[in-house]
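S.K.: My structure file start_37.cif, mmCIF, C-alpha atoms (C1' of nucleotides), is below:
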data_my_file
#
loop_
_atom_site.group_PDB
_atom_site.id
_atom_site.type_symbol
_atom_site.label_atom_id
_atom_site.label_comp_id
_atom_site.auth_asym_id
_atom_site.auth_seq_id
_atom_site.Cartn_x
_atom_site.Cartn_y
_atom_site.Cartn_z
ATOM 1 C CA MET V 1 -218.092 -145.389 197.568
ATOM 2 C CA LEU V 2 -220.849 -146.187 195.141
ATOM 3 C CA ASP V 3 -222.776 -143.145 196.245
ATOM 4 C CA SER V 4 -220.006 -140.638 195.530
ATOM 5 C CA ILE V 5 -220.049 -138.881 192.199
ATOM 6 C CA ILE V 6 -218.985 -141.281 189.450
ATOM 7 C CA PRO V 7 -220.266 -141.711 185.904
ATOM 8 C CA ASP V 8 -223.880 -142.790 185.985
ATOM 9 C CA PRO V 9 -223.666 -145.744 183.579
ATOM 10 C CA ILE V 10 -220.752 -147.137 185.583
ATOM 11 C CA ARG V 11 -222.606 -146.821 188.860
ATOM 12 C CA GLU V 12 -225.581 -148.632 187.419
ATOM 13 C CA GLN V 13 -223.469 -151.429 185.986
ATOM 14 C CA CYS V 14 -221.671 -151.808 189.288
ATOM 15 C CA GLU V 15 -224.895 -151.990 191.211
ATOM 16 C CA SER V 16 -226.240 -154.664 188.899
ATOM 17 C CA LYS V 17 -223.182 -156.709 189.874
ATOM 18 C CA GLY V 18 -223.663 -156.441 193.594
ATOM 19 C CA GLY V 19 -221.782 -153.159 193.905
ATOM 20 C CA MET V 20 -218.077 -152.865 194.626
ATOM 21 C CA LYS V 21 -218.443 -155.573 197.217
ATOM 22 C CA GLY V 22 -219.864 -157.970 194.635
ATOM 23 C CA ILE V 23 -217.061 -157.242 192.199
ATOM 24 C CA LYS V 24 -214.348 -157.594 194.825
ATOM 25 C CA LYS V 25 -215.695 -160.968 195.795
ATOM 26 C CA LYS V 26 -215.189 -162.351 192.299
ATOM 27 C CA LEU V 27 -211.489 -161.533 192.243
ATOM 28 C CA PRO V 28 -208.912 -164.143 193.270
ATOM 29 C CA GLY V 29 -207.221 -163.925 196.659
ATOM 30 C CA LYS V 30 -203.641 -163.039 197.451
ATOM 31 C CA LYS V 31 -202.240 -166.530 197.054
ATOM 32 C CA GLU V 32 -203.799 -167.225 193.698
ATOM 33 C CA LEU V 33 -202.752 -163.838 192.345
ATOM 34 C CA GLY V 34 -199.237 -164.422 193.621
ATOM 35 C CA ASP V 35 -198.945 -167.844 192.029
ATOM 36 C CA GLN V 36 -200.237 -166.678 188.684
ATOM 37 C CA SER V 37 -198.018 -163.653 188.606
ATOM 38 C CA GLN V 38 -194.980 -165.796 189.379
ATOM 39 C CA VAL V 39 -195.708 -167.868 186.292
ATOM 40 C CA PHE V 40 -196.121 -164.746 184.202
ATOM 41 C CA GLN V 41 -192.923 -163.311 185.589
ATOM 42 C CA ALA V 42 -191.071 -166.452 184.528
ATOM 43 C CA LEU V 43 -192.453 -165.947 181.038
ATOM 44 C CA SER V 44 -191.637 -162.258 180.979
ATOM 45 C CA ASP V 45 -188.144 -162.581 179.560
ATOM 46 C CA PRO V 46 -187.532 -163.267 175.847
ATOM 47 C CA LEU V 47 -184.637 -165.580 176.583
ATOM 48 C CA ARG V 48 -186.681 -167.675 178.984
ATOM 49 C CA LEU V 49 -189.620 -167.754 176.640
ATOM 50 C CA LYS V 50 -187.327 -169.063 173.938
ATOM 51 C CA ILE V 51 -185.921 -171.723 176.252
ATOM 52 C CA LEU V 52 -189.400 -172.874 177.131
ATOM 53 C CA LEU V 53 -190.491 -172.966 173.503
ATOM 54 C CA ALA V 54 -187.385 -174.936 172.629
ATOM 55 C CA VAL V 55 -187.881 -177.652 175.228
ATOM 56 C CA VAL V 56 -191.512 -177.923 174.206
ATOM 57 C CA GLU V 57 -190.333 -178.677 170.677
ATOM 58 C CA GLN V 58 -187.821 -181.124 172.032
ATOM 59 C CA PRO V 59 -186.471 -182.039 175.478
ATOM 60 C CA LEU V 60 -182.877 -180.841 175.638
ATOM 61 C CA CYS V 61 -179.780 -180.831 177.812
ATOM 62 C CA VAL V 62 -178.340 -177.504 178.904
ATOM 63 C CA CYS V 63 -175.591 -177.575 176.305
ATOM 64 C CA LEU V 64 -178.076 -177.983 173.464
ATOM 65 C CA ILE V 65 -180.277 -175.239 174.868
ATOM 66 C CA LYS V 66 -177.182 -173.106 174.866
ATOM 67 C CA ASP V 67 -176.549 -173.979 171.262
ATOM 68 C CA ILE V 68 -180.061 -172.966 170.324
ATOM 69 C CA LEU V 69 -179.645 -169.609 172.013
ATOM 70 C CA GLY V 70 -176.653 -168.944 169.832
ATOM 71 C CA GLY V 71 -173.606 -168.781 172.043
ATOM 72 C CA LYS V 72 -174.345 -165.365 173.521
ATOM 73 C CA VAL V 73 -175.226 -166.722 176.955
ATOM 74 C CA SER V 74 -172.833 -167.832 179.659
ATOM 75 C CA ASP V 75 -173.401 -171.086 181.513
ATOM 76 C CA SER V 76 -174.234 -169.385 184.773
ATOM 77 C CA LYS V 77 -176.643 -167.029 183.089
ATOM 78 C CA LEU V 78 -178.352 -169.894 181.360
ATOM 79 C CA SER V 79 -178.548 -171.782 184.604
ATOM 80 C CA TYR V 80 -180.160 -168.805 186.280
ATOM 81 C CA HIS V 81 -182.885 -168.606 183.675
ATOM 82 C CA ILE V 82 -183.486 -172.329 183.615
ATOM 83 C CA ASN V 83 -183.966 -172.151 187.337
ATOM 84 C CA LYS V 84 -186.569 -169.452 187.055
ATOM 85 C CA LEU V 85 -188.563 -171.620 184.682
ATOM 86 C CA LYS V 86 -188.143 -174.562 187.018
ATOM 87 C CA ASP V 87 -189.190 -172.588 190.092
ATOM 88 C CA ALA V 88 -192.305 -171.432 188.310
ATOM 89 C CA GLY V 89 -193.145 -175.055 187.559
ATOM 90 C CA LEU V 90 -192.850 -174.674 183.795
ATOM 91 C CA ILE V 91 -190.077 -177.180 183.176
ATOM 92 C CA VAL V 92 -188.443 -180.119 184.948
ATOM 93 C CA GLY V 93 -184.940 -181.498 184.642
ATOM 94 C CA GLU V 94 -184.073 -185.174 184.738
ATOM 95 C CA ARG V 95 -180.534 -186.413 185.027
ATOM 96 C CA GLN V 96 -179.347 -188.783 182.291
ATOM 97 C CA ALA V 97 -175.732 -189.772 182.791
ATOM 98 C CA SER V 98 -173.667 -186.588 182.634
ATOM 99 C CA TRP V 99 -176.497 -184.469 181.392
ATOM 100 C CA ILE V 100 -179.654 -182.949 182.719
ATOM 101 C CA ILE V 101 -182.477 -183.100 180.231
ATOM 102 C CA TYR V 102 -185.114 -180.409 180.559
ATOM 103 C CA SER V 103 -188.641 -180.896 179.397
ATOM 104 C CA PRO V 104 -191.853 -178.940 179.853
ATOM 105 C CA THR V 105 -194.358 -179.712 182.575
ATOM 106 C CA LYS V 106 -198.067 -179.806 181.864
ATOM 107 C CA LEU V 107 -198.122 -176.167 182.937
ATOM 108 C CA GLY V 108 -195.265 -175.406 180.576
ATOM 109 C CA GLU V 109 -197.174 -176.892 177.652
ATOM 110 C CA GLU V 110 -200.262 -174.896 178.567
ATOM 111 C CA ALA V 111 -198.201 -171.752 178.770
ATOM 112 C CA VAL V 112 -196.832 -172.033 175.253
ATOM 113 C CA LYS V 113 -200.261 -172.687 173.794
ATOM 114 C CA VAL V 114 -201.356 -169.582 175.572
ATOM 115 C CA ALA V 115 -198.398 -167.528 174.405
ATOM 116 C CA GLY V 116 -199.416 -168.309 170.855
ATOM 117 C CA LYS V 117 -202.722 -166.524 171.374
ATOM 118 C CA LEU V 118 -201.191 -163.287 172.583
ATOM 119 C CA MET K 1 -173.023 -179.766 167.656
ATOM 120 C CA LEU K 2 -175.230 -182.746 167.015
ATOM 121 C CA ASP K 3 -172.202 -184.933 166.576
ATOM 122 C CA SER K 4 -170.629 -184.115 169.927
ATOM 123 C CA ILE K 5 -171.286 -186.400 172.817
ATOM 124 C CA ILE K 6 -174.864 -185.987 174.010
ATOM 125 C CA PRO K 7 -177.413 -188.529 175.182
ATOM 126 C CA ASP K 8 -178.251 -190.899 172.348
ATOM 127 C CA PRO K 9 -182.058 -190.737 172.545
ATOM 128 C CA ILE K 10 -181.879 -186.957 172.459
ATOM 129 C CA ARG K 11 -179.613 -186.936 169.441
ATOM 130 C CA GLU K 12 -181.953 -189.226 167.591
ATOM 131 C CA GLN K 13 -185.020 -187.174 168.448
ATOM 132 C CA CYS K 14 -183.253 -184.024 167.338
ATOM 133 C CA GLU K 15 -182.231 -185.516 164.064
ATOM 134 C CA SER K 16 -185.771 -186.643 163.353
ATOM 135 C CA LYS K 17 -186.739 -182.976 163.690
ATOM 136 C CA GLY K 18 -184.229 -181.656 161.223
ATOM 137 C CA GLY K 19 -181.450 -181.316 163.783
ATOM 138 C CA MET K 20 -180.734 -178.208 165.805
ATOM 139 C CA LYS K 21 -181.257 -176.160 162.701
ATOM 140 C CA GLY K 22 -184.741 -177.572 162.238
ATOM 141 C CA ILE K 23 -185.654 -176.875 165.834
ATOM 142 C CA LYS K 24 -184.287 -173.342 165.762
ATOM 143 C CA LYS K 25 -186.337 -172.589 162.691
ATOM 144 C CA LYS K 26 -189.587 -173.339 164.504
ATOM 145 C CA LEU K 27 -188.923 -170.810 167.250
ATOM 146 C CA PRO K 28 -190.301 -167.264 166.997
ATOM 147 C CA GLY K 29 -187.997 -164.404 166.085
ATOM 148 C CA LYS K 30 -186.764 -161.585 168.257
ATOM 149 C CA LYS K 31 -189.722 -159.281 167.690
ATOM 150 C CA GLU K 32 -192.380 -161.853 168.448
ATOM 151 C CA LEU K 33 -190.551 -163.036 171.561
ATOM 152 C CA GLY K 34 -190.170 -159.459 172.700
ATOM 153 C CA ASP K 35 -193.836 -158.628 172.212
ATOM 154 C CA GLN K 36 -195.017 -161.717 174.023
ATOM 155 C CA SER K 37 -192.679 -161.228 176.920
ATOM 156 C CA GLN K 38 -193.829 -157.637 177.306
ATOM 157 C CA VAL K 39 -197.370 -158.867 177.751
ATOM 158 C CA PHE K 40 -196.238 -161.434 180.280
ATOM 159 C CA GLN K 41 -194.211 -158.827 182.098
ATOM 160 C CA ALA K 42 -197.302 -156.659 182.403
ATOM 161 C CA LEU K 43 -199.102 -159.616 183.951
ATOM 162 C CA SER K 44 -196.255 -160.461 186.272
ATOM 163 C CA ASP K 45 -197.354 -158.292 189.162
ATOM 164 C CA PRO K 46 -200.203 -159.312 191.482
ATOM 165 C CA LEU K 47 -201.514 -155.783 191.715
ATOM 166 C CA ARG K 48 -201.665 -155.399 187.946
ATOM 167 C CA LEU K 49 -203.239 -158.784 187.522
ATOM 168 C CA LYS K 50 -205.919 -157.769 189.967
ATOM 169 C CA ILE K 51 -206.529 -154.497 188.140
ATOM 170 C CA LEU K 52 -206.935 -156.345 184.870
ATOM 171 C CA LEU K 53 -209.279 -158.902 186.378
ATOM 172 C CA ALA K 54 -211.327 -156.105 187.890
ATOM 173 C CA VAL K 55 -211.818 -154.173 184.681
ATOM 174 C CA VAL K 56 -212.712 -157.397 182.913
ATOM 175 C CA GLU K 57 -215.492 -157.867 185.441
ATOM 176 C CA GLN K 58 -216.519 -154.270 184.989
ATOM 177 C CA PRO K 59 -215.059 -151.211 183.260
ATOM 178 C CA LEU K 60 -214.008 -148.797 185.968
ATOM 179 C CA CYS K 61 -212.592 -145.353 186.571
ATOM 180 C CA VAL K 62 -209.302 -144.991 188.416
ATOM 181 C CA CYS K 63 -210.946 -144.062 191.673
ATOM 182 C CA LEU K 64 -213.077 -147.199 191.678
ATOM 183 C CA ILE K 65 -210.081 -149.352 190.787
ATOM 184 C CA LYS K 66 -208.373 -147.768 193.748
ATOM 185 C CA ASP K 67 -211.308 -148.647 195.922
ATOM 186 C CA ILE K 68 -211.139 -152.257 194.814
ATOM 187 C CA LEU K 69 -207.458 -152.447 195.674
ATOM 188 C CA GLY K 70 -208.271 -151.410 199.194
ATOM 189 C CA GLY K 71 -206.748 -148.010 199.777
ATOM 190 C CA LYS K 72 -203.163 -149.222 200.091
ATOM 191 C CA VAL K 73 -202.080 -147.727 196.763
ATOM 192 C CA SER K 74 -201.217 -144.124 196.038
ATOM 193 C CA ASP K 75 -202.599 -142.409 192.972
ATOM 194 C CA SER K 76 -199.244 -142.170 191.258
ATOM 195 C CA LYS K 77 -198.478 -145.791 191.956
ATOM 196 C CA LEU K 78 -201.815 -146.855 190.580
ATOM 197 C CA SER K 79 -201.274 -144.695 187.531
ATOM 198 C CA TYR K 80 -197.908 -146.340 186.951
ATOM 199 C CA HIS K 81 -199.410 -149.811 186.972
ATOM 200 C CA ILE K 82 -202.356 -148.844 184.827
ATOM 201 C CA ASN K 83 -199.884 -147.501 182.314
ATOM 202 C CA LYS K 84 -198.001 -150.749 182.182
ATOM 203 C CA LEU K 85 -201.193 -152.580 181.370
ATOM 204 C CA LYS K 86 -202.020 -149.971 178.762
ATOM 205 C CA ASP K 87 -198.574 -150.101 177.163
ATOM 206 C CA ALA K 88 -198.827 -153.851 176.891
ATOM 207 C CA GLY K 89 -202.130 -153.428 175.074
ATOM 208 C CA LEU K 90 -204.185 -155.142 177.760
ATOM 209 C CA ILE K 91 -206.492 -152.263 178.651
ATOM 210 C CA VAL K 92 -207.649 -148.987 177.158
ATOM 211 C CA GLY K 93 -208.887 -145.855 178.846
ATOM 212 C CA GLU K 94 -211.665 -143.675 177.555
ATOM 213 C CA ARG K 95 -212.448 -140.293 178.973
ATOM 214 C CA GLN K 96 -216.011 -139.753 180.218
ATOM 215 C CA ALA K 97 -216.463 -136.300 181.678
ATOM 216 C CA SER K 98 -214.074 -135.992 184.632
ATOM 217 C CA TRP K 99 -213.185 -139.649 184.641
ATOM 218 C CA ILE K 100 -211.180 -142.064 182.605
ATOM 219 C CA ILE K 101 -212.873 -145.399 182.309
ATOM 220 C CA TYR K 102 -210.596 -148.351 181.785
ATOM 221 C CA SER K 103 -211.748 -151.495 180.054
ATOM 222 C CA PRO K 104 -209.973 -154.560 178.732
ATOM 223 C CA THR K 105 -208.896 -154.907 175.127
ATOM 224 C CA LYS K 106 -209.466 -158.121 173.192
ATOM 225 C CA LEU K 107 -205.964 -159.093 174.298
ATOM 226 C CA GLY K 108 -206.810 -158.300 177.892
ATOM 227 C CA GLU K 109 -209.830 -160.593 177.774
ATOM 228 C CA GLU K 110 -207.735 -163.379 176.262
ATOM 229 C CA ALA K 111 -205.127 -162.902 178.947
ATOM 230 C CA VAL K 112 -207.527 -163.394 181.824
ATOM 231 C CA LYS K 113 -208.986 -166.525 180.274
ATOM 232 C CA VAL K 114 -205.452 -167.762 180.006
ATOM 233 C CA ALA K 115 -204.570 -166.828 183.561
ATOM 234 C CA GLY K 116 -207.389 -169.028 184.725
ATOM 235 C CA LYS K 117 -205.722 -172.047 183.187
ATOM 236 C CA LEU K 118 -202.404 -171.544 184.953
ATOM 237 C "C1'" DT B 1 -158.283 -192.193 192.700
ATOM 238 C "C1'" DC B 2 -157.639 -188.512 189.314
ATOM 239 C "C1'" DA B 3 -158.831 -185.652 185.659
ATOM 240 C "C1'" DC B 4 -162.689 -184.140 182.889
ATOM 241 C "C1'" DC B 5 -167.141 -182.485 181.424
ATOM 242 C "C1'" DA B 6 -171.805 -180.673 182.370
ATOM 243 C "C1'" DT B 7 -174.073 -177.997 185.268
ATOM 244 C "C1'" DT B 8 -174.952 -175.255 189.428
ATOM 245 C "C1'" DT B 9 -173.911 -171.970 193.124
ATOM 246 C "C1'" DC B 10 -172.275 -167.754 195.092
ATOM 247 C "C1'" DA B 11 -171.335 -162.918 195.899
ATOM 248 C "C1'" DA B 12 -170.424 -158.564 193.713
ATOM 249 C "C1'" DA B 13 -171.552 -155.449 190.018
ATOM 250 C "C1'" DT B 14 -175.006 -153.783 187.003
ATOM 251 C "C1'" DT B 15 -179.450 -152.988 185.148
ATOM 252 C "C1'" DT B 16 -184.275 -152.615 185.367
ATOM 253 C "C1'" DA B 17 -188.611 -152.091 187.867
ATOM 254 C "C1'" DT B 18 -191.158 -150.033 191.438
ATOM 255 C "C1'" DT B 19 -192.318 -146.651 194.973
ATOM 256 C "C1'" DT B 20 -192.708 -141.964 196.709
ATOM 257 C "C1'" DG B 21 -194.111 -137.328 197.017
ATOM 258 C "C1'" DA B 22 -194.513 -133.082 194.747
ATOM 259 C "C1'" DA B 23 -196.000 -130.669 190.858
ATOM 260 C "C1'" DA B 24 -198.600 -130.577 186.396
ATOM 261 C "C1'" DT B 25 -203.037 -131.357 183.424
ATOM 262 C "C1'" DA B 26 -207.624 -131.582 182.368
ATOM 263 C "C1'" DA B 27 -212.353 -131.219 182.924
ATOM 264 C "C1'" DC B 28 -216.064 -129.736 185.725
ATOM 265 C "C1'" DT B 29 -218.496 -126.282 189.111
ATOM 266 C "C1'" DT B 30 -219.291 -121.968 190.912
ATOM 267 C "C1'" DA C 1 -211.678 -116.844 186.194
ATOM 268 C "C1'" DA C 2 -210.844 -119.469 190.512
ATOM 269 C "C1'" DG C 3 -211.522 -123.663 193.008
ATOM 270 C "C1'" DT C 4 -212.168 -128.563 193.103
ATOM 271 C "C1'" DT C 5 -211.676 -133.280 191.802
ATOM 272 C "C1'" DA C 6 -209.621 -136.984 188.905
ATOM 273 C "C1'" DT C 7 -205.716 -138.403 186.927
ATOM 274 C "C1'" DT C 8 -200.990 -138.171 185.116
ATOM 275 C "C1'" DT C 9 -196.104 -136.864 184.988
ATOM 276 C "C1'" DC C 10 -191.577 -136.303 186.813
ATOM 277 C "C1'" DA C 11 -187.304 -137.017 189.254
ATOM 278 C "C1'" DA C 12 -185.216 -139.008 193.192
ATOM 279 C "C1'" DA C 13 -185.040 -142.966 196.284
ATOM 280 C "C1'" DT C 14 -185.594 -147.842 196.927
ATOM 281 C "C1'" DA C 15 -186.036 -152.481 195.724
ATOM 282 C "C1'" DA C 16 -185.812 -156.400 192.720
ATOM 283 C "C1'" DA C 17 -184.038 -158.831 188.736
ATOM 284 C "C1'" DT C 18 -180.226 -159.911 185.915
ATOM 285 C "C1'" DT C 19 -175.388 -160.461 184.614
ATOM 286 C "C1'" DT C 20 -170.646 -161.702 185.559
ATOM 287 C "C1'" DG C 21 -166.787 -164.452 186.719
ATOM 288 C "C1'" DA C 22 -164.891 -167.508 189.922
ATOM 289 C "C1'" DA C 23 -165.442 -171.469 192.574
ATOM 290 C "C1'" DA C 24 -168.160 -175.655 193.763
ATOM 291 C "C1'" DT C 25 -170.695 -180.094 192.762
ATOM 292 C "C1'" DG C 26 -171.656 -184.386 190.735
ATOM 293 C "C1'" DG C 27 -171.258 -187.873 187.478
ATOM 294 C "C1'" DT C 28 -167.979 -190.480 184.177
ATOM 295 C "C1'" DG C 29 -164.359 -192.896 182.558
ATOM 296 C "C1'" DA C 30 -159.239 -193.842 182.484
#
Could the structure of this file be written out as structure tokens, please?

M.R.:
Amino acid sequence: MLDSIIPDPIREQCESKGGMKGIKKKLPGKKELGDQSQVFQALSDPLRLKILLAVVEQPLCVCLIKDILGGKVSDSKLSYHINKLKDAGLIVGERQASWIIYSPTKLGEEAVKVAGKL
Amino acid sequence: MLDSIIPDPIREQCESKGGMKGIKKKLPGKKELGDQSQVFQALSDPLRLKILLAVVEQPLCVCLIKDILGGKVSDSKLSYHINKLKDAGLIVGERQASWIIYSPTKLGEEAVKVAGKL
DNA sequence: TCACCATTTCAAATTTATTTGAAATAACTT
DNA sequence: AAGTTATTTCAAATAAATTTGAAATGGTGA
């Protein structure tokens, strides 16, 4: 591949990095890519992002999350999105009497710091 | 809302933060949430993540990106994914003779640092 | 136990994202 | 100008994510 016709400066840069083989080796494997993209996918919806940001401000039960989102979301819809965040490991829910209180995980806290930079 | 029946510790914490109103005010608006989630959505696919990581290692033309991905992607598919990254502002392409060389933007570089933490 | 509230689950309908293959551009070579 | 290579565009097909509404679950308190 490196010997086919490609821009000269690129070829040189590639070779100084061990060629295509060298570059490929630095990239994460299937599992790591899959895990990371699952987290990003959980963050890829404005509603979910807002939910995460909210519980980072303050752990909340589902009904208060709903209140924050402004009434335009059904319970089942909300539950679906909460689950996506949970499955991605961004939040956890703990039962307290009738309610389930959601709070961010370590990963969830990281993620919002990160979101701020983008 | 704050006066309906919810767990006591939660109510107190909320009130110390200016109530639901206070919490809502700290959350980003529609535009900001939308922009951030678009970036996350671009990162939410393993193939795209790999493309971004690759061009961060080394600016590359499409054909070399294709090589890195291991031949299992068609040109049009690859082009589609590259476009998503471009639309999200994570990479830019610059023409050099016959080729278009893709490299990360500032945002793209940030994003990969971030991915490492997740 | 019964009725009630908070939340989740399920399957069907809908929307959005991705894949495919063929055709279009764009720049280089002859 | 015609041919070749790199890359993109387009529309149709497929697949995946989201929304909906109804029904289920699980805890609480009379």

S.K.: What are the residues of chain B lining chain V at 9 Å or less? Count all atoms listed in the file, and put the answer as a ChimeraX atom specification.

M.R.: /B:5-9

S.K.: May I have the selected residues written with C-alpha atoms (C1' of nucleotides), as a JSON list (two decimals), keeping the file's coordinate frame?

M.R.:
[["chain", "number", "residue", "atom", "x", "y", "z"],
["B", 5, "DC", "C1'", -167.14, -182.48, 181.42],
["B", 6, "DA", "C1'", -171.80, -180.67, 182.37],
["B", 7, "DT", "C1'", -174.07, -178.00, 185.27],
["B", 8, "DT", "C1'", -174.95, -175.26, 189.43],
["B", 9, "DT", "C1'", -173.91, -171.97, 193.12]]

S.K.: List as CSV every residue of chain C that is in contact with chain V, defined as an atom at most 9 Å from one of its atoms (using all atoms listed in the file), together with the nearest atom pair and the distance in Å rounded to one decimal, sorted by chain and then rising number.

M.R.:
residue,atom,partner,partner_atom,distance
C:DT18,C1',V:Lys77,CA,8.5
C:DT19,C1',V:Lys77,CA,6.9
C:DT20,C1',V:Lys77,CA,8.4
C:DG26,C1',V:Ser98,CA,8.6
C:DG27,C1',V:Ser98,CA,5.6
C:DT28,C1',V:Ser98,CA,7.1

S.K.: Keeping only C-alpha atoms (C1' of nucleotides), write the selected residues to a file as a compact mmCIF listing (two decimals), in the frame of the given file.

M.R.:
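File selection_38.txt, as written:
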# COMPACT_ATOMS: atom_id res chain seq x y z
C1' DT C 18 -180.23 -159.91 185.92
C1' DT C 19 -175.39 -160.46 184.61
C1' DT C 20 -170.65 -161.70 185.56
C1' DG C 26 -171.66 -184.39 190.74
C1' DG C 27 -171.26 -187.87 187.48
C1' DT C 28 -167.98 -190.48 184.18

S.K.: What are the residues of chain V lining chain K at 9 Å or less? Count all atoms listed in the file, and put the answer as a PyMOL selection string.

M.R.: chain V and resi 1-2+6-7+10+13-14+17+20-21+23-24+26-28+30+32-47+49-50+53-54+57-61+63-64+67-69+96-99+101+107+110-111+114-118

S.K.: Report, in Å to a single decimal, how far apart C1' of DC10 (chain C) and C1' of DA24 (chain B) are.

M.R.: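 The value is 9.1 Å.
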
S.K.: Please measure the separation of CA of Gly71 (chain V) and CA of Leu52 (chain V), giving the value in Å to one decimal.

M.R.: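 Value for the CA of Gly71 (chain V)-CA of Leu52 (chain V) distance: 17.1 Å.
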
S.K.: Quick check, in Å to one decimal: how far apart do CA of Pro104 (chain V) and CA of Val92 (chain V) lie?

M.R.: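 These two atoms are separated by 6.2 Å.
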
S.K.: Could you list as a list in words every residue that has an atom within 7 Å of (-188.4, -156.2, 191.9), using the file's coordinates and counting all atoms listed in the file?

M.R.: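 Nearby residues: DA17 and DT18 of chain B; DA15, DA16 and DA17 of chain C.
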
S.K.: Could you write out the selected residues, including C-alpha atoms (C1' of nucleotides), as a JSON list (two decimals), in the coordinates of the input?

M.R.:
[["chain", "number", "residue", "atom", "x", "y", "z"],
["B", 17, "DA", "C1'", -188.61, -152.09, 187.87],
["B", 18, "DT", "C1'", -191.16, -150.03, 191.44],
["C", 15, "DA", "C1'", -186.04, -152.48, 195.72],
["C", 16, "DA", "C1'", -185.81, -156.40, 192.72],
["C", 17, "DA", "C1'", -184.04, -158.83, 188.74]]

S.K.: Env of DC10 (chain B): 10 Å cut, atoms = all atoms listed in the file, seq-sep filter 2 positions within chain, self excluded. Answer as a ChimeraX atom specification.

M.R.: /B:8,12 /C:22-24

S.K.: In terms of the shortest atom-to-atom distance over all atoms listed in the file, which of C:DG3, C:DA30, C:DT9, C:DG21 is closest to DT30 (chain B)?

M.R.: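 Between C:DG3, C:DA30, C:DT9, C:DG21, the residue approaching DT30 (chain B) most closely is C:DG3.
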
S.K.: Taking N, CA and C atoms as the atom set, what does region 67-82 of chain K look like once completed, written as a tab-separated table (two decimals), in the coordinates of the input?

M.R.:
chain	number	residue	atom	x	y	z
K	67	ASP	N	-210.45	-148.12	194.87
K	67	ASP	CA	-211.31	-148.65	195.92
K	67	ASP	C	-211.21	-150.17	196.01
K	68	ILE	N	-211.22	-150.80	194.86
K	68	ILE	CA	-211.14	-152.26	194.81
K	68	ILE	C	-209.84	-152.77	195.41
K	69	LEU	N	-208.77	-152.02	195.18
K	69	LEU	CA	-207.46	-152.45	195.67
K	69	LEU	C	-207.29	-152.20	197.16
K	70	GLY	N	-208.23	-151.52	197.74
K	70	GLY	CA	-208.27	-151.41	199.19
K	70	GLY	C	-207.44	-150.31	199.81
K	71	GLY	N	-207.34	-149.18	199.14
K	71	GLY	CA	-206.75	-148.01	199.78
K	71	GLY	C	-205.25	-148.03	200.00
K	72	LYS	N	-204.60	-149.20	199.80
K	72	LYS	CA	-203.16	-149.22	200.09
K	72	LYS	C	-202.28	-148.75	198.94
K	73	VAL	N	-202.89	-148.22	197.88
K	73	VAL	CA	-202.08	-147.73	196.76
K	73	VAL	C	-202.26	-146.24	196.53
K	74	SER	N	-201.15	-145.55	196.33
K	74	SER	CA	-201.22	-144.12	196.04
K	74	SER	C	-201.68	-143.92	194.61
K	75	ASP	N	-202.14	-142.70	194.32
K	75	ASP	CA	-202.60	-142.41	192.97
K	75	ASP	C	-201.49	-142.60	191.94
K	76	SER	N	-200.30	-142.12	192.27
K	76	SER	CA	-199.24	-142.17	191.26
K	76	SER	C	-198.80	-143.61	191.02
K	77	LYS	N	-198.80	-144.37	192.09
K	77	LYS	CA	-198.48	-145.79	191.96
K	77	LYS	C	-199.52	-146.49	191.07
K	78	LEU	N	-200.74	-146.25	191.37
K	78	LEU	CA	-201.82	-146.85	190.58
K	78	LEU	C	-201.69	-146.45	189.12
K	79	SER	N	-201.40	-145.19	188.89
K	79	SER	CA	-201.27	-144.70	187.53
K	79	SER	C	-200.13	-145.41	186.81
K	80	TYR	N	-199.05	-145.64	187.52
K	80	TYR	CA	-197.91	-146.34	186.95
K	80	TYR	C	-198.31	-147.74	186.48
K	81	HIS	N	-199.04	-148.43	187.31
K	81	HIS	CA	-199.41	-149.81	186.97
K	81	HIS	C	-200.44	-149.86	185.85
K	82	ILE	N	-201.38	-148.93	185.91
K	82	ILE	CA	-202.36	-148.84	184.83
K	82	ILE	C	-201.65	-148.62	183.49
